[in-house]
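In what follows, a single structure is set out as structure tokens and then discussed.
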2 protein chains.
Amino acid sequence: MTITFYDLCGRDSKRFSPYGWRTRMALAHKGLDYTLELVKFTEKDKIAFSGQPLVPVIRDGERVIHDSWVIAEHLEDTYPQRPSLFGSAEGRGMAKAINSFVNLTVQPLLAPLIVADVVAHVDAADSDYFVSSREKRFGKALPEVQVGREETVEGFRKALEPIRIVVKDQPFIGGVAATYADYALFGTLQWARCTSGFRVVAADDPIHAWFERVLDLHNGVGRGEPAAV
Amino acid sequence: MTITFYDLCGRDSKRFSPYGWRTRMALAHKGLDYTLELVKFTEKDKIAFSGQPLVPVIRDGERVIHDSWVIAEHLEDTYPQRPSLFGSAEGRGMAKAINSFVNLTVQPLLAPLIVADVVAHVDAADSDYFVSSREKRFGKALPEVQVGREETVEGFRKALEPIRIVVKDQPFIGGVAATYADYALFGTLQWARCTSGFRVVAADDPIHAWFERVLDLHNGVGRGEPAAV
């Protein structure tokens with residue numbers, strides 16, 4: 001059985017999708033080999049077989065799965081002999097709550113801080129699509145969205161407190177070993193690291209030290225993607 | 001070894017502390033017997049031995065522990081042969097993140113919706129203390145704090161979405177069995193149930209159905225405390 005992983009890519013094959021990173025880390029955690037297919041924003045035809053327009057998508061044998069959370073559950077259930085993404089049945093439900101907390105609170109606070117910086121990393125073929133769709137979403141020109149971010153970043157940092165409380169005392173959210181709860185937040189911060197030179201987390205924040213630890217996991221797969229400067 | 005549990009009480013020994021309820025549920029989950037000591041807001045001398053002024057506190061043999069989260073960890077570590085509060089080491093860290101999410105996001109959004117209703121359930125001896133300390137916290141008269149709550153309750157309900165996403169598909173946050181992640185949010189909603197007739201969660205909300213399930217746990221310990229009307 002061969003897994004094919006369809007992930008978003010930007011300019012020069014750069015990979016910065018927060019949800020793509022969750023899947024990439026989950027596959028690395030499980031130690032699963034896969035064939036990679038890169039998909040630009042305007043290449044949705046490449047994943048039309050999945051019946052919806054969003055990456056990440058994986059094809060695992062006959063099965064096609066989209067949505068990074070559903071992919072994580074599929075990998076856990078299909079490869080139970082590999083390292084667990086959740087640690088226990090209880091951990092799966094809790095990780096889902098944390099995953100949703102990141103989606104609903106953290107990601108929306110981060111997006112306006114860096115969205116204009118992302119443009120430089122989008123493939124030229126996608127640039128018009130990306131800018132117009134995001135300007136429509138934010139209701140203003142993208143550079144304007146970022147105005148005042150030196151102040152608004154504080155609200156983003158404050159939103160990370162439920163995770164900070166945990167990782168200030170232990171290496172990962174689940175203790176000594178990383179789990180999908182870590183990858184959920186990691187994907188979002190990796191999106192920022194790969195696309196923006198703006199420091200979204202302070203250097204002395206326990207979240208920063210935790211993020212550096214996750215960058216080192218699985219032979220440094222996270223660190224292998226260059227940071228934006 | 002005998003455990004003594006010091007919990008807040010209001011008028012007619014009513015118990016509504018959100019943090020006290022977390023400990024009460026954790027003790028019930030572990031099936032541990034204990035001696036109960038009720039403490040009014042103005043009876044802080046009763047827990048002075050703990051070196052700080054807040055309930056819940058437990059004395060377990062020679063050990064004195066305060067802070068509901070720390071108490072939960074103590075119970076898990078001291079009574080490992082009893083049903084686990086976290087399900088796994090990974091679950092403990094994730095539960096801590098969820099516990100902090102409730103403290104930092106859910107509880108502050110709920111408090112202004114019902115704080116004036118709480119007054120009627122505070123012991124007469126505590127009433128002046130409670131009203132003046134809360135008016136100082138909110139910067140206005142308590143009835144004014146609740147003005148417009150039919151609209152502001154929507155923000156509170158929206159904040160529950162990370163938990164709603166989980167419990168709409170399974171009985172408890174951790175799956176088929178309740179864990180401390182459930183008790184963290186339960187305590188906050190139980191505080192509202194016991195002190196206010198205002199409906200903070202809609203009847204058709206999956207959170208409501210989940211809350212009813214937690215009320216039934218451990219021989220209905222939660223349901224045994226009368227709801228305010």
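Just remember, in the structure tokens the first chain shown is A, the second B, etc., residues are 1-based per chain, and ligands are 1-based in the order shown.
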
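Residues in contact range of region 212-219 of chain B, defined as at most 8 Å between only C-alpha atoms, with sequence neighbours fewer than 4 positions away removed, read Ala28, His29, Pro171, Ala178, Asp182, Phe186, His208 and Arg223 of chain B.
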
Residues from the last selection, N, CA and C atoms, saved as an mmCIF file, in the first residue's frame:
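What landed in selection.cif:
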```cif
data_model
loop_
_atom_site.group_PDB
_atom_site.id
_atom_site.type_symbol
_atom_site.label_atom_id
_atom_site.label_comp_id
_atom_site.auth_asym_id
_atom_site.auth_seq_id
_atom_site.Cartn_x
_atom_site.Cartn_y
_atom_site.Cartn_z
ATOM 1 N N ALA B 28 -15.077 11.870 43.334
ATOM 2 C CA ALA B 28 -16.107 10.884 42.998
ATOM 3 C C ALA B 28 -15.596 9.919 41.922
ATOM 4 N N HIS B 29 -14.903 10.463 40.932
ATOM 5 C CA HIS B 29 -14.334 9.645 39.853
ATOM 6 C C HIS B 29 -13.384 8.587 40.426
ATOM 7 N N PRO B 171 -19.724 10.727 23.731
ATOM 8 C CA PRO B 171 -20.347 11.097 25.011
ATOM 9 C C PRO B 171 -19.557 12.108 25.829
ATOM 10 N N ALA B 178 -15.710 9.609 31.006
ATOM 11 C CA ALA B 178 -15.399 10.968 31.444
ATOM 12 C C ALA B 178 -13.980 11.042 32.003
ATOM 13 N N ASP B 182 -13.493 16.800 31.197
ATOM 14 C CA ASP B 182 -14.929 17.047 31.338
ATOM 15 C C ASP B 182 -15.225 17.824 32.621
ATOM 16 N N PHE B 186 -17.309 21.191 33.278
ATOM 17 C CA PHE B 186 -18.512 20.927 34.066
ATOM 18 C C PHE B 186 -18.595 21.854 35.275
ATOM 19 N N HIS B 208 -25.261 21.085 26.021
ATOM 20 C CA HIS B 208 -26.323 20.835 27.003
ATOM 21 C C HIS B 208 -26.486 19.329 27.238
ATOM 22 N N ARG B 223 -26.163 16.230 39.884
ATOM 23 C CA ARG B 223 -27.592 16.506 39.868
ATOM 24 C C ARG B 223 -28.156 16.658 41.289
#
```

Given a cut-off of 10 Å, which residues of chain A touch chain B, counting only C-alpha atoms, written out as JSON, numbers by chain? {"A": [85, 86, 87, 88, 89, 90, 91, 92, 93, 94, 95, 96, 97, 98, 99, 100, 101, 102, 103, 104, 105, 158, 159, 160, 161, 162, 163, 164, 165, 166, 167, 169, 170, 172, 173, 174, 175, 176, 177, 178, 179, 181, 182]}

Spatial neighbours of Pro53 (chain A), 7 Å, only C-alpha atoms, chain gap at least 3 places, as a PDB file with C-alpha atoms, in the first residue's frame:
```
ATOM      1  CA  LYS A  44      -7.392  22.350  -7.531  1.00  0.00           C
ATOM      2  CA  ILE A  47      -7.301  17.031  -5.972  1.00  0.00           C
ATOM      3  CA  ALA A  48     -10.702  17.055  -7.674  1.00  0.00           C
TER       4      ALA A  48
END
```

Would you kindly return, as an NGL selection string, each protein, DNA or RNA residue with an atom no farther than 8 Å from any atom of region 65-76 of chain B, considering only C-alpha atoms and excluding same-chain residues fewer than 3 positions away? :B and (19-20 or 22-23 or 26-27 or 30 or 50 or 54-60 or 79-80 or 84-85 or 96 or 99 or 180)

Once DSSP has gone over the backbone, tell me which residues of region 41-193 of chain A are in strand (DSSP E or B), as a PyMOL selection string. chain A and resi 57-60+63-66+172+175

Report as number ranges by chain: the residues of region 161-225 of chain A with a DSSP assignment of alpha helix (DSSP H), based on the backbone of this structure. A: 161-167, 180-195, 206-220

Please produce an output containing N, CA and C atoms for each residue in the selection, written as an mmCIF file, in the first residue's frame.
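Output saved as selection26.cif:
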```
data_model
loop_
_atom_site.group_PDB
_atom_site.id
_atom_site.type_symbol
_atom_site.label_atom_id
_atom_site.label_comp_id
_atom_site.auth_asym_id
_atom_site.auth_seq_id
_atom_site.Cartn_x
_atom_site.Cartn_y
_atom_site.Cartn_z
ATOM 1 N N GLU A 161 -1.949 31.180 25.933
ATOM 2 C CA GLU A 161 -1.720 30.892 27.348
ATOM 3 C C GLU A 161 -2.112 29.459 27.771
ATOM 4 N N PRO A 162 -3.247 28.911 27.295
ATOM 5 C CA PRO A 162 -3.568 27.532 27.723
ATOM 6 C C PRO A 162 -2.489 26.521 27.350
ATOM 7 N N ILE A 163 -1.797 26.758 26.260
ATOM 8 C CA ILE A 163 -0.710 25.856 25.867
ATOM 9 C C ILE A 163 0.566 26.226 26.637
ATOM 10 N N ARG A 164 0.799 27.520 26.793
ATOM 11 C CA ARG A 164 2.010 27.979 27.503
ATOM 12 C C ARG A 164 2.068 27.400 28.914
ATOM 13 N N ILE A 165 0.910 27.377 29.586
ATOM 14 C CA ILE A 165 0.840 26.848 30.952
ATOM 15 C C ILE A 165 1.345 25.411 31.000
ATOM 16 N N VAL A 166 1.130 24.664 29.953
ATOM 17 C CA VAL A 166 1.558 23.267 29.929
ATOM 18 C C VAL A 166 3.033 23.135 29.553
ATOM 19 N N VAL A 167 3.444 23.784 28.488
ATOM 20 C CA VAL A 167 4.801 23.529 27.973
ATOM 21 C C VAL A 167 5.883 24.305 28.715
ATOM 22 N N TYR A 180 -0.271 14.610 18.530
ATOM 23 C CA TYR A 180 -0.936 15.448 17.527
ATOM 24 C C TYR A 180 -1.361 16.804 18.102
ATOM 25 N N ALA A 181 -1.579 16.876 19.418
ATOM 26 C CA ALA A 181 -1.899 18.179 20.014
ATOM 27 C C ALA A 181 -0.774 19.173 19.750
ATOM 28 N N ASP A 182 0.467 18.702 19.797
ATOM 29 C CA ASP A 182 1.600 19.571 19.468
ATOM 30 C C ASP A 182 1.581 19.959 17.990
ATOM 31 N N TYR A 183 1.307 18.993 17.133
ATOM 32 C CA TYR A 183 1.359 19.279 15.698
ATOM 33 C C TYR A 183 0.273 20.272 15.278
ATOM 34 N N ALA A 184 -0.863 20.250 15.988
ATOM 35 C CA ALA A 184 -1.938 21.187 15.653
ATOM 36 C C ALA A 184 -1.453 22.625 15.782
ATOM 37 N N LEU A 185 -0.844 22.950 16.909
ATOM 38 C CA LEU A 185 -0.346 24.322 17.074
ATOM 39 C C LEU A 185 0.918 24.546 16.264
ATOM 40 N N PHE A 186 1.755 23.530 16.183
ATOM 41 C CA PHE A 186 2.993 23.672 15.415
ATOM 42 C C PHE A 186 2.709 24.104 13.979
ATOM 43 N N GLY A 187 1.724 23.488 13.336
ATOM 44 C CA GLY A 187 1.414 23.820 11.944
ATOM 45 C C GLY A 187 1.162 25.303 11.769
ATOM 46 N N THR A 188 0.414 25.867 12.703
ATOM 47 C CA THR A 188 0.082 27.288 12.612
ATOM 48 C C THR A 188 1.323 28.171 12.785
ATOM 49 N N LEU A 189 2.165 27.834 13.741
ATOM 50 C CA LEU A 189 3.373 28.647 13.954
ATOM 51 C C LEU A 189 4.413 28.403 12.850
ATOM 52 N N GLN A 190 4.418 27.221 12.284
ATOM 53 C CA GLN A 190 5.327 26.927 11.172
ATOM 54 C C GLN A 190 4.913 27.723 9.934
ATOM 55 N N TRP A 191 3.626 27.888 9.741
ATOM 56 C CA TRP A 191 3.116 28.730 8.653
ATOM 57 C C TRP A 191 3.706 30.140 8.775
ATOM 58 N N ALA A 192 3.712 30.669 9.997
ATOM 59 C CA ALA A 192 4.293 31.998 10.224
ATOM 60 C C ALA A 192 5.801 31.987 10.007
ATOM 61 N N ARG A 193 6.467 30.963 10.535
ATOM 62 C CA ARG A 193 7.930 30.903 10.402
ATOM 63 C C ARG A 193 8.379 30.871 8.947
ATOM 64 N N CYS A 194 7.610 30.153 8.114
ATOM 65 C CA CYS A 194 8.016 29.953 6.714
ATOM 66 C C CYS A 194 7.653 31.125 5.806
ATOM 67 N N THR A 195 6.814 32.019 6.278
ATOM 68 C CA THR A 195 6.305 33.061 5.369
ATOM 69 C C THR A 195 6.556 34.487 5.842
ATOM 70 N N PRO A 206 8.002 30.555 26.668
ATOM 71 C CA PRO A 206 8.106 29.082 26.673
ATOM 72 C C PRO A 206 7.547 28.440 25.402
ATOM 73 N N ILE A 207 6.625 29.134 24.745
ATOM 74 C CA ILE A 207 6.092 28.630 23.469
ATOM 75 C C ILE A 207 7.201 28.586 22.412
ATOM 76 N N HIS A 208 8.093 29.572 22.469
ATOM 77 C CA HIS A 208 9.207 29.598 21.519
ATOM 78 C C HIS A 208 10.118 28.387 21.723
ATOM 79 N N ALA A 209 10.460 28.100 22.983
ATOM 80 C CA ALA A 209 11.335 26.953 23.277
ATOM 81 C C ALA A 209 10.653 25.641 22.861
ATOM 82 N N TRP A 210 9.347 25.555 23.120
ATOM 83 C CA TRP A 210 8.585 24.359 22.704
ATOM 84 C C TRP A 210 8.611 24.221 21.175
ATOM 85 N N PHE A 211 8.389 25.332 20.466
ATOM 86 C CA PHE A 211 8.379 25.296 18.999
ATOM 87 C C PHE A 211 9.728 24.812 18.461
ATOM 88 N N GLU A 212 10.793 25.274 19.063
ATOM 89 C CA GLU A 212 12.128 24.830 18.637
ATOM 90 C C GLU A 212 12.281 23.319 18.841
ATOM 91 N N ARG A 213 11.714 22.809 19.928
ATOM 92 C CA ARG A 213 11.773 21.357 20.157
ATOM 93 C C ARG A 213 11.009 20.596 19.071
ATOM 94 N N VAL A 214 9.855 21.140 18.680
ATOM 95 C CA VAL A 214 9.075 20.443 17.642
ATOM 96 C C VAL A 214 9.796 20.525 16.297
ATOM 97 N N LEU A 215 10.474 21.635 16.040
ATOM 98 C CA LEU A 215 11.251 21.752 14.790
ATOM 99 C C LEU A 215 12.313 20.653 14.679
ATOM 100 N N ASP A 216 12.806 20.193 15.823
ATOM 101 C CA ASP A 216 13.867 19.175 15.826
ATOM 102 C C ASP A 216 13.352 17.751 15.687
ATOM 103 N N LEU A 217 12.044 17.559 15.865
ATOM 104 C CA LEU A 217 11.503 16.193 15.868
ATOM 105 C C LEU A 217 11.656 15.512 14.511
ATOM 106 N N HIS A 218 11.664 14.188 14.537
ATOM 107 C CA HIS A 218 11.604 13.393 13.312
ATOM 108 C C HIS A 218 12.679 13.850 12.304
ATOM 109 N N ASN A 219 13.904 13.828 12.786
ATOM 110 C CA ASN A 219 15.048 14.223 11.949
ATOM 111 C C ASN A 219 14.941 15.658 11.447
ATOM 112 N N GLY A 220 14.310 16.502 12.232
ATOM 113 C CA GLY A 220 14.271 17.923 11.879
ATOM 114 C C GLY A 220 13.453 18.240 10.651
#
```

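Taking CA of Arg15 (chain A) and CA of Arg137 (chain A) as the two end points, the separation is 22.0 Å.
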
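For Phe138 (chain A), the non-local neighbours within 12 Å, defined as residues at least 4 positions apart in the same chain or in other chains and counting only C-alpha atoms, are Pro108, Ala111, Pro112, Leu113, Val115, Ala116, Val131, Ser132, Ser133, Arg134, Leu142, Pro143, Glu144, Val145 and Gln146 of chain A.
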
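Minimum distance to Val153 (chain B) across B:Ser127, B:Val122, B:Val200, B:Pro83 (counting only C-alpha atoms) occurs at B:Val200.
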
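The space separating CA of Gly148 (chain B) from CA of Ala124 (chain B) comes to 27.6 Å.
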